[in-house]
Every structure is written in C-alpha cells, then in structure tokens.
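Printed here is model14.txt (compact mmCIF, C-alpha atoms and all ligand atoms):
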```txt
# COMPACT_ATOMS: atom_id res chain seq x y z
CA MET A 1 -1.18 -11.32 -17.90
CA ARG A 2 2.57 -11.84 -18.26
CA LEU A 3 2.94 -14.87 -15.95
CA LYS A 4 -0.25 -16.84 -16.53
CA ASP A 5 -0.09 -20.27 -14.84
CA ARG A 6 3.59 -19.98 -13.90
CA VAL A 7 4.49 -21.14 -10.39
CA ALA A 8 6.63 -18.82 -8.25
CA LEU A 9 8.40 -19.57 -4.97
CA VAL A 10 9.07 -16.40 -2.96
CA THR A 11 10.99 -16.47 0.33
CA GLY A 12 10.15 -14.03 3.13
CA GLY A 13 6.76 -13.33 1.55
CA GLY A 14 5.01 -12.42 4.81
CA ARG A 15 5.67 -8.70 4.73
CA GLY A 16 7.64 -5.85 3.17
CA ILE A 17 9.18 -6.31 -0.26
CA GLY A 18 8.46 -10.08 -0.29
CA ARG A 19 4.73 -9.55 0.23
CA ALA A 20 4.67 -6.97 -2.58
CA ILE A 21 6.50 -9.42 -4.87
CA VAL A 22 3.99 -12.19 -4.09
CA LEU A 23 1.03 -9.92 -4.89
CA ALA A 24 2.63 -8.52 -8.07
CA LEU A 25 3.38 -12.04 -9.39
CA ALA A 26 -0.14 -13.24 -8.52
CA LYS A 27 -1.69 -10.21 -10.29
CA GLU A 28 0.22 -11.28 -13.41
CA GLY A 29 -1.34 -14.76 -13.19
CA ALA A 30 1.25 -16.78 -11.26
CA ASP A 31 0.37 -19.35 -8.60
CA ILE A 32 2.42 -18.84 -5.46
CA VAL A 33 4.46 -20.83 -2.99
CA THR A 34 5.74 -18.64 -0.22
CA CYS A 35 7.61 -19.32 2.95
CA ASP A 36 8.57 -17.16 5.88
CA ILE A 37 9.71 -17.52 9.45
CA ASN A 38 6.39 -15.93 10.50
CA LEU A 39 3.33 -18.04 9.62
CA GLU A 40 0.70 -15.51 10.81
CA ASN A 41 1.80 -12.93 8.20
CA LEU A 42 1.72 -15.61 5.50
CA LYS A 43 -1.93 -16.42 6.30
CA GLU A 44 -2.92 -12.82 5.54
CA VAL A 45 -0.94 -12.85 2.29
CA ALA A 46 -2.61 -16.15 1.33
CA SER A 47 -6.11 -14.68 1.58
CA GLU A 48 -5.07 -11.73 -0.61
CA VAL A 49 -3.62 -14.05 -3.27
CA GLU A 50 -6.78 -16.17 -3.23
CA LYS A 51 -8.86 -13.01 -3.75
CA LEU A 52 -6.83 -12.49 -6.94
CA GLY A 53 -8.02 -15.93 -8.08
CA ARG A 54 -4.63 -17.64 -7.78
CA LYS A 55 -3.62 -20.75 -5.82
CA ILE A 56 -1.13 -20.47 -2.96
CA LEU A 57 0.87 -22.77 -0.70
CA ILE A 58 2.32 -21.26 2.48
CA GLN A 59 4.81 -22.80 4.86
CA LYS A 60 6.82 -21.72 7.89
CA VAL A 61 10.46 -22.13 6.84
CA ASP A 62 13.78 -20.87 8.08
CA VAL A 63 15.69 -20.51 4.80
CA SER A 64 19.01 -21.09 6.56
CA LYS A 65 17.93 -24.70 7.27
CA ILE A 66 18.42 -26.79 4.16
CA SER A 67 16.05 -29.56 5.36
CA GLU A 68 13.20 -27.03 5.75
CA VAL A 69 13.91 -25.58 2.30
CA ASP A 70 13.99 -29.03 0.68
CA ASP A 71 10.69 -29.85 2.38
CA VAL A 72 8.83 -26.78 1.05
CA VAL A 73 10.22 -27.37 -2.46
CA LYS A 74 9.01 -30.99 -2.31
CA LYS A 75 5.53 -29.88 -1.18
CA ALA A 76 5.47 -27.23 -3.92
CA LEU A 77 6.31 -29.85 -6.57
CA ASP A 78 3.68 -32.24 -5.14
CA LYS A 79 1.00 -29.52 -5.36
CA PHE A 80 1.95 -27.69 -8.57
CA THR A 81 4.29 -30.21 -10.35
CA LYS A 82 6.78 -27.42 -11.24
CA ILE A 83 8.53 -24.26 -10.04
CA ASP A 84 9.10 -21.72 -12.81
CA ILE A 85 10.31 -18.79 -10.73
CA LEU A 86 12.34 -18.48 -7.52
CA VAL A 87 12.67 -15.14 -5.73
CA ASN A 88 15.27 -15.20 -2.96
CA ASN A 89 13.99 -12.30 -0.87
CA ALA A 90 14.20 -13.34 2.82
CA GLY A 91 16.79 -11.24 4.60
CA ILE A 92 17.68 -9.67 7.92
CA THR A 93 19.98 -7.01 9.35
CA ARG A 94 21.94 -7.20 12.62
CA ASP A 95 23.84 -3.92 12.44
CA ASN A 96 26.93 -3.16 14.49
CA LEU A 97 30.37 -1.67 14.08
CA ILE A 98 33.00 -4.30 13.21
CA LEU A 99 34.77 -4.04 16.57
CA LYS A 100 31.48 -4.57 18.41
CA MET A 101 29.97 -7.14 16.03
CA SER A 102 29.49 -10.53 17.67
CA GLU A 103 30.11 -13.84 15.97
CA GLU A 104 26.38 -14.50 16.31
CA GLU A 105 25.47 -11.25 14.51
CA TRP A 106 27.85 -12.15 11.68
CA ASP A 107 26.69 -15.76 11.42
CA GLN A 108 22.94 -15.01 11.56
CA VAL A 109 23.09 -12.52 8.70
CA LEU A 110 25.34 -14.68 6.50
CA ASP A 111 23.28 -17.82 7.27
CA ILE A 112 19.93 -16.28 6.38
CA ASN A 113 20.84 -13.82 3.62
CA LEU A 114 23.50 -15.80 1.75
CA LYS A 115 23.30 -19.47 2.74
CA GLY A 116 19.49 -19.20 2.68
CA ALA A 117 19.59 -18.01 -0.94
CA PHE A 118 22.04 -20.80 -1.86
CA ASN A 119 19.81 -23.41 -0.17
CA CYS A 120 16.77 -22.30 -2.17
CA LEU A 121 18.66 -21.94 -5.44
CA LYS A 122 20.12 -25.43 -5.06
CA ALA A 123 16.74 -26.95 -4.19
CA VAL A 124 14.95 -25.53 -7.25
CA ALA A 125 17.87 -25.97 -9.70
CA ARG A 126 17.20 -29.69 -10.29
CA PRO A 127 13.50 -29.40 -11.24
CA MET A 128 14.25 -26.27 -13.31
CA MET A 129 17.11 -28.08 -15.12
CA LYS A 130 14.79 -31.00 -15.90
CA ALA A 131 12.23 -28.55 -17.28
CA ARG A 132 15.06 -26.76 -19.15
CA SER A 133 13.57 -23.47 -18.05
CA GLY A 134 13.50 -21.24 -14.99
CA ARG A 135 13.91 -17.73 -13.64
CA ILE A 136 15.77 -16.95 -10.45
CA VAL A 137 15.78 -13.45 -8.98
CA ASN A 138 17.97 -12.74 -5.96
CA ILE A 139 17.34 -9.65 -3.84
CA ALA A 140 20.74 -8.10 -3.09
CA SER A 141 21.25 -4.47 -2.00
CA VAL A 142 23.22 -1.42 -3.14
CA VAL A 143 25.00 -1.83 0.22
CA GLY A 144 26.60 -4.99 -1.23
CA MET A 145 28.10 -2.82 -4.00
CA MET A 146 29.15 0.24 -2.00
CA GLY A 147 29.59 -0.96 1.63
CA ASN A 148 28.06 0.77 4.64
CA PRO A 149 29.53 1.49 8.09
CA GLY A 150 27.78 -0.65 10.70
CA GLN A 151 26.68 -3.21 8.14
CA ALA A 152 29.82 -5.28 7.39
CA ASN A 153 27.85 -8.52 7.84
CA TYR A 154 24.89 -7.35 5.72
CA ALA A 155 27.09 -5.81 2.99
CA ALA A 156 29.19 -9.00 2.82
CA SER A 157 26.06 -11.14 2.53
CA LYS A 158 24.68 -8.96 -0.29
CA ALA A 159 28.04 -8.84 -2.13
CA GLY A 160 27.98 -12.64 -1.78
CA ILE A 161 24.52 -12.72 -3.36
CA ILE A 162 25.95 -10.91 -6.38
CA GLY A 163 28.75 -13.49 -6.74
CA LEU A 164 26.24 -16.31 -6.30
CA THR A 165 24.00 -14.75 -8.98
CA LYS A 166 26.77 -14.48 -11.57
CA SER A 167 28.14 -17.98 -10.87
CA ALA A 168 24.68 -19.54 -11.04
CA ALA A 169 23.87 -17.57 -14.22
CA LYS A 170 26.97 -19.03 -15.92
CA GLU A 171 26.35 -22.54 -14.58
CA LEU A 172 22.66 -22.75 -15.41
CA ALA A 173 22.38 -20.75 -18.67
CA SER A 174 22.78 -23.83 -20.89
CA ARG A 175 19.74 -25.34 -19.15
CA GLY A 176 17.48 -22.39 -19.97
CA ILE A 177 17.65 -20.87 -16.48
CA ASN A 178 18.22 -17.12 -16.14
CA VAL A 179 19.59 -15.81 -12.84
CA ASN A 180 19.60 -12.10 -12.01
CA ALA A 181 19.88 -9.90 -8.94
CA ILE A 182 18.09 -6.74 -7.92
CA ALA A 183 19.94 -4.25 -5.73
CA PRO A 184 17.41 -2.02 -4.00
CA GLY A 185 18.48 1.24 -2.40
CA PHE A 186 16.41 2.47 0.54
CA ILE A 187 12.88 1.10 0.31
CA LYS A 188 10.03 1.97 2.70
CA THR A 189 9.57 -1.16 4.87
CA THR A 190 9.91 -2.07 8.54
CA MET A 191 13.64 -2.58 7.78
CA THR A 192 13.95 1.19 7.12
CA GLU A 193 11.10 2.65 9.19
CA SER A 194 13.17 2.51 12.39
CA LEU A 195 15.53 5.16 10.93
CA SER A 196 15.12 8.61 12.53
CA ASP A 197 13.58 11.44 10.46
CA GLU A 198 16.98 13.14 10.47
CA VAL A 199 18.70 10.06 8.98
CA LYS A 200 15.89 9.66 6.43
CA GLU A 201 16.24 13.31 5.37
CA LYS A 202 20.00 12.90 4.92
CA LEU A 203 19.40 9.77 2.84
CA ILE A 204 16.81 11.47 0.65
CA ASN A 205 19.27 14.29 -0.04
CA GLN A 206 21.67 11.69 -1.54
CA ILE A 207 18.97 10.28 -3.84
CA PRO A 208 18.60 12.11 -7.18
CA LEU A 209 14.90 11.13 -7.40
CA LYS A 210 14.42 12.64 -3.89
CA ARG A 211 12.36 9.89 -2.30
CA LEU A 212 12.72 6.47 -0.68
CA GLY A 213 11.60 3.60 -2.90
CA GLU A 214 8.23 1.85 -2.64
CA VAL A 215 8.00 -1.94 -2.31
CA THR A 216 6.21 -1.96 -5.67
CA ASP A 217 9.28 -0.37 -7.33
CA VAL A 218 11.15 -3.61 -6.57
CA ALA A 219 8.19 -5.94 -7.22
CA ASN A 220 7.62 -4.47 -10.71
CA LEU A 221 11.19 -5.33 -11.69
CA VAL A 222 10.83 -8.88 -10.34
CA VAL A 223 7.77 -9.34 -12.59
CA PHE A 224 9.73 -8.09 -15.60
CA LEU A 225 12.74 -10.35 -14.88
CA ALA A 226 10.43 -13.34 -14.42
CA SER A 227 8.57 -12.63 -17.68
CA ASP A 228 9.36 -13.62 -21.28
CA ASP A 229 10.29 -9.97 -21.95
CA ALA A 230 13.55 -10.58 -20.00
CA SER A 231 14.55 -13.83 -21.73
CA TYR A 232 17.92 -12.42 -22.96
CA ILE A 233 18.97 -11.02 -19.57
CA THR A 234 21.07 -13.13 -17.21
CA GLY A 235 23.84 -12.52 -14.67
CA GLU A 236 22.74 -8.90 -14.28
CA VAL A 237 22.54 -6.81 -11.13
CA ILE A 238 19.92 -4.10 -11.56
CA LYS A 239 19.72 -1.23 -9.07
CA VAL A 240 16.38 0.14 -7.90
CA ASP A 241 17.67 3.08 -5.89
CA GLY A 242 16.39 6.34 -7.36
CA GLY A 243 19.86 6.96 -8.80
CA MET A 244 21.63 6.89 -5.42
CA LEU A 245 24.60 4.79 -6.63
CA MET A 246 25.83 5.71 -10.10
P1 LIG A 301 11.38 -7.18 6.05
O1 LIG A 301 10.23 -6.22 5.98
O2 LIG A 301 12.11 -7.35 7.32
O3 LIG A 301 10.88 -8.60 5.50
C1 LIG A 301 11.75 -9.72 5.46
C2 LIG A 301 10.90 -10.96 5.56
O4 LIG A 301 11.79 -12.10 5.62
C3 LIG A 301 10.07 -10.99 6.84
O5 LIG A 301 8.78 -11.48 6.56
C4 LIG A 301 10.86 -11.91 7.71
O6 LIG A 301 10.10 -12.56 8.75
C5 LIG A 301 11.38 -12.92 6.71
N1 LIG A 301 12.49 -13.70 7.26
C6 LIG A 301 13.44 -13.30 8.16
N2 LIG A 301 14.26 -14.31 8.45
C7 LIG A 301 13.83 -15.38 7.74
C8 LIG A 301 14.26 -16.72 7.61
N3 LIG A 301 15.31 -17.19 8.31
N4 LIG A 301 13.58 -17.56 6.79
C9 LIG A 301 12.51 -17.13 6.11
N5 LIG A 301 12.05 -15.86 6.18
C10 LIG A 301 12.70 -15.00 6.98
O7 LIG A 301 12.49 -6.78 4.97
P2 LIG A 301 12.36 -6.06 3.55
O8 LIG A 301 12.76 -4.65 3.73
O9 LIG A 301 11.06 -6.38 2.90
O10 LIG A 301 13.56 -6.78 2.79
C11 LIG A 301 13.36 -7.84 1.88
C12 LIG A 301 14.68 -8.10 1.15
O11 LIG A 301 15.10 -6.90 0.49
C13 LIG A 301 15.82 -8.48 2.09
O12 LIG A 301 16.64 -9.43 1.46
C14 LIG A 301 16.58 -7.17 2.26
O13 LIG A 301 17.91 -7.37 2.59
C15 LIG A 301 16.42 -6.57 0.88
N6 LIG A 301 16.59 -5.11 0.84
C16 LIG A 301 15.77 -4.28 1.54
C17 LIG A 301 15.97 -2.90 1.46
C18 LIG A 301 15.09 -1.93 2.18
O14 LIG A 301 15.39 -0.72 2.13
N7 LIG A 301 14.03 -2.33 2.83
C19 LIG A 301 17.03 -2.40 0.71
C20 LIG A 301 17.86 -3.29 0.03
C21 LIG A 301 17.63 -4.65 0.09
P3 LIG A 301 9.73 -11.75 10.12
O15 LIG A 301 8.50 -11.00 9.81
O16 LIG A 301 9.53 -12.79 11.16
O17 LIG A 301 10.91 -10.88 10.42
```

Output the structure of this file as structure tokens.
Amino acid sequence: MRLKDRVALVTGGGRGIGRAIVLALAKEGADIVTCDINLENLKEVASEVEKLGRKILIQKVDVSKISEVDDVVKKALDKFTKIDILVNNAGITRDNLILKMSEEEWDQVLDINLKGAFNCLKAVARPMMKARSGRIVNIASVVGMMGNPGQANYAASKAGIIGLTKSAAKELASRGINVNAIAPGFIKTTMTESLSDEVKEKLINQIPLKRLGEVTDVANLVVFLASDDASYITGEVIKVDGGMLM
C-alpha cells in the first residue's frame, strides 16, 4: 500500500472523478475526509470506504464558502490530527457563448472552480507547513490550456488553477509541500454524458488513443502524485487526455 495511514481531503467526492479518487486513495491505505455539496452521494461513498477498512469523515460543504471549508478542515484535524493530501476536485460547468454568458454563470464557475480550490489550499497550508510535508493535487482541465468555445468561464477557471498550482508550488516547496495539477481531457462522467453521440464521436476522432478517459485514469495519477514515488515532482501540469493535446 503506497499511502498507508495518510489522511486525504478530497473535494467533490460524491460522484464522478472525485468518487474514484476517494476510492483509489482508500485502496492504497489512506483515511479519507471528503466534502461535497450533495450529502446523499457522500453517504454511499462513505460505506464503500469503510468496506475497504479505512476511516472516513464526510461533510456537506460548498467549497466557494471559506467558512464552510475552514470548518471541515478543523473537523478533519480534530478527528485525524493531520491532513497529508489535498485533492481540489470539486468543479462545475455553466456553458454559454461569451455574448450570452450571464454574470451569474461567470461568477458561479469562478467561485467554485478557482476560489474553491484557493480556499481549500489556504486552509490546509498551515497544518501542512507545520508538519513540513504535504501533497496538493489540483484538478484542472486541458480546456484551461487550449480554450473551448462556449466555455470561457470554465477555461478561465482551469487556466487559473494552473497559475495557482505553480505559485503555490514555488511558495510552499521549502516547507516540504508539493503542488501539482492534473489536466484531464474528456472523461466519462455525468459532466460529459450529456454530450450527443455525434459530438462524442467527433471528440473520439480527435483523440489518438480513440476513447474517452475513465475516472480511474485520473484517480491513478492522483495516487502516484500523492505517493513517495512523486517526491521530486512539483509545479507540474500533467495531461490525462489520450494524447488529445500535444
Ligand atoms: P461531476 O461528476 O459533476 O462531479 C463534481 C462533484 O463536485 C459533484 O459531486 C458535485 O456535486 C460536486 N460539487 C459541485 N459544486 C460543489 C461545491 N460548490 N462544493 C463542493 N462540491 C461541489 O464532475 P467530474 O466530471 O467528476 O469532474 C470533477 C473535476 O474534474 C472537476 O473539477 C472538473 O472540472 C474536472 N474535469 C472533468 C472532466 C470530464 O471530462 N469529466 C474533464 C476535465 C476536468 P453535485 O453532485 O451536487 O453536482
């Protein structure tokens, strides 16, 4: 087990990529703290983690609210005394063309995807600095590197995640904290299942490996970045996109 007795905080762990990350970390021996806007989904994830023999704390949190983030981090430290790993995964899309995009659509995406990641990073930085060790993995997107029509808000939030990752990596390296980002391409989740078959086929044609990604493709990389095997990697953005963006 590569993460025996480490404690990992994963945001948006109720479904999709976040749920896969929680289960992959627990399988490698980590105890889990996970928060999501949807408590019902978290309850199901909790029973699966317990079946793997690991401890879990779940809490309903909106990551864009700093007081809610601070509260879950406090409860995590009360229960487990430390947080070794943070995975900033919670994210949303509110797609629209720029001329039609409302202020609310812009603000919601930036607040949850970018400010939410900052809130969590800031909240865990102090205990990690005291421990002089920590791993932070931010889930960005290839869209943040290449742009996408209809996703100006989402692409800006994910490009922001990359800037946040590199700044935090430089700021926290001397305290033994590694900060990296993962940029997934198109992964099979509810975020992508609403795409029509025609759109999916077009997408697959642009992917050299000729398939959409699985949630485990992303989760496996999170485990690696959180493990001792990745101790000399920081400030990196690693794509998991089947070769789509080269
Ligand atoms: P998903 O299936 O929609 O899951 C996102 C999770 O985050 C959901 O459980 C959601 O709760 C939760 N969430 C939403 N707003 C939140 C908030 N304010 N506070 C806390 N939790 C919140 O999405 P996914 O596809 O797994 O995506 C996970 C991450 O990967 C996101 O950052 C996304 O941008 C990124 N990503 C995904 C893809 C892809 O192809 N799927 C590609 C590139 C990057 P609800 O269940 O209530 O919505």

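The coordinates place CA of Arg132 (chain A) at 13.4 Å from CA of Val179 (chain A).
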
With all atoms listed in the file counted, collect every polymer residue having an atom within 6 Å of ligand LIG 301 (chain A); state the result as a ChimeraX atom specification. /A:11-18,36-38,61-64,89-92,112,139-141,184-192

Neighbour list for region 42-52 of chain A as a VMD selection string, cut-off 10 Å, all atoms listed in the file, skip fewer than 6 positions in-chain: chain A and resid 12 to 15 19 to 20 22 to 36 58 to 60

Got time to write the residues from that selection, C-alpha atoms, as an mmCIF file, keeping the file's coordinate frame?
```
data_model
loop_
_atom_site.group_PDB
_atom_site.id
_atom_site.type_symbol
_atom_site.label_atom_id
_atom_site.label_comp_id
_atom_site.auth_asym_id
_atom_site.auth_seq_id
_atom_site.Cartn_x
_atom_site.Cartn_y
_atom_site.Cartn_z
ATOM 1 C CA GLY A 12 10.150 -14.030 3.130
ATOM 2 C CA GLY A 13 6.760 -13.330 1.550
ATOM 3 C CA GLY A 14 5.010 -12.420 4.810
ATOM 4 C CA ARG A 15 5.670 -8.700 4.730
ATOM 5 C CA ARG A 19 4.730 -9.550 0.230
ATOM 6 C CA ALA A 20 4.670 -6.970 -2.580
ATOM 7 C CA VAL A 22 3.990 -12.190 -4.090
ATOM 8 C CA LEU A 23 1.030 -9.920 -4.890
ATOM 9 C CA ALA A 24 2.630 -8.520 -8.070
ATOM 10 C CA LEU A 25 3.380 -12.040 -9.390
ATOM 11 C CA ALA A 26 -0.140 -13.240 -8.520
ATOM 12 C CA LYS A 27 -1.690 -10.210 -10.290
ATOM 13 C CA GLU A 28 0.220 -11.280 -13.410
ATOM 14 C CA GLY A 29 -1.340 -14.760 -13.190
ATOM 15 C CA ALA A 30 1.250 -16.780 -11.260
ATOM 16 C CA ASP A 31 0.370 -19.350 -8.600
ATOM 17 C CA ILE A 32 2.420 -18.840 -5.460
ATOM 18 C CA VAL A 33 4.460 -20.830 -2.990
ATOM 19 C CA THR A 34 5.740 -18.640 -0.220
ATOM 20 C CA CYS A 35 7.610 -19.320 2.950
ATOM 21 C CA ASP A 36 8.570 -17.160 5.880
ATOM 22 C CA ILE A 58 2.320 -21.260 2.480
ATOM 23 C CA GLN A 59 4.810 -22.800 4.860
ATOM 24 C CA LYS A 60 6.820 -21.720 7.890
#
```

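Compared by their closest atoms to Ala76 (chain A), and using all atoms listed in the file, the residues A:Ala123, A:Ala117, A:Leu225, A:Ala183 rank with A:Ala123 nearest.
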
By how many Å are CA of Ser227 (chain A) and CA of Asn88 (chain A) apart? 16.4 Å

Might you pull out every residue within 8 Å of region 176-178 of chain A, with only C-alpha atoms counted and same-chain residues fewer than 4 positions away left off, and present them as a list in words? Met128, Met129, Arg132, Ser133, Gly134, Arg135, Ile136, Ala169, Leu172, Ser231, Ile233, Thr234 and Gly235 of chain A

Write a file of the selected residues as an mmCIF file, in the frame of the given file, keeping C-alpha atoms.
```cif
data_model
loop_
_atom_site.group_PDB
_atom_site.id
_atom_site.type_symbol
_atom_site.label_atom_id
_atom_site.label_comp_id
_atom_site.auth_asym_id
_atom_site.auth_seq_id
_atom_site.Cartn_x
_atom_site.Cartn_y
_atom_site.Cartn_z
ATOM 1 C CA MET A 128 14.250 -26.270 -13.310
ATOM 2 C CA MET A 129 17.110 -28.080 -15.120
ATOM 3 C CA ARG A 132 15.060 -26.760 -19.150
ATOM 4 C CA SER A 133 13.570 -23.470 -18.050
ATOM 5 C CA GLY A 134 13.500 -21.240 -14.990
ATOM 6 C CA ARG A 135 13.910 -17.730 -13.640
ATOM 7 C CA ILE A 136 15.770 -16.950 -10.450
ATOM 8 C CA ALA A 169 23.870 -17.570 -14.220
ATOM 9 C CA LEU A 172 22.660 -22.750 -15.410
ATOM 10 C CA SER A 231 14.550 -13.830 -21.730
ATOM 11 C CA ILE A 233 18.970 -11.020 -19.570
ATOM 12 C CA THR A 234 21.070 -13.130 -17.210
ATOM 13 C CA GLY A 235 23.840 -12.520 -14.670
#
```

Return the padded bounding box of region 137-156 of chain A as lines of an AutoDock Vina configuration file: axis-aligned, built from all atoms listed in the file, 5 Å added on each side, with centre and edge lengths in Å to one decimal.
```
center_x = 22.8
center_y = -6.0
center_z = 0.9
size_x = 24.0
size_y = 24.9
size_z = 29.7
```

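A straight line drawn from CA of Ser196 (chain A) to CA of Lys158 (chain A) is 23.8 Å long.
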
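Of the residues under consideration (A:Gln108, A:Thr81, A:Thr93, A:Asn119), A:Thr81 shows the shortest atom-to-atom contact distance to Asp5 (chain A) when counting only C-alpha atoms.
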
As a JSON list (two decimals) with C-alpha atoms, in the coordinates of the input, please: the residues near Ala131 (chain A) (cut-off 12 Å, only C-alpha atoms, same-chain neighbours under 6 positions excluded).
```json
[["chain", "number", "residue", "atom", "x", "y", "z"],
["A", 81, "THR", "CA", 4.29, -30.21, -10.35],
["A", 82, "LYS", "CA", 6.78, -27.42, -11.24],
["A", 83, "ILE", "CA", 8.53, -24.26, -10.04],
["A", 84, "ASP", "CA", 9.10, -21.72, -12.81],
["A", 85, "ILE", "CA", 10.31, -18.79, -10.73],
["A", 124, "VAL", "CA", 14.95, -25.53, -7.25],
["A", 125, "ALA", "CA", 17.87, -25.97, -9.70],
["A", 175, "ARG", "CA", 19.74, -25.34, -19.15],
["A", 176, "GLY", "CA", 17.48, -22.39, -19.97],
["A", 177, "ILE", "CA", 17.65, -20.87, -16.48]]
```

Can you work out which one of A:Ala226, A:Val143, A:Ala173, A:Pro149 has the shortest atom-to-atom distance to Lys239 (chain A), counting all atoms listed in the file? A:Val143

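When all atoms listed in the file are used to compute distances to Arg211 (chain A), the closest of the residues A:Met244, A:Leu39, A:Lys4, A:Phe118 turns out to be A:Met244.
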
Across A:Val199, A:Ala230, A:Leu212, A:Val73, the smallest distance to Gly243 (chain A), with all atoms listed in the file counted, is shown by A:Leu212
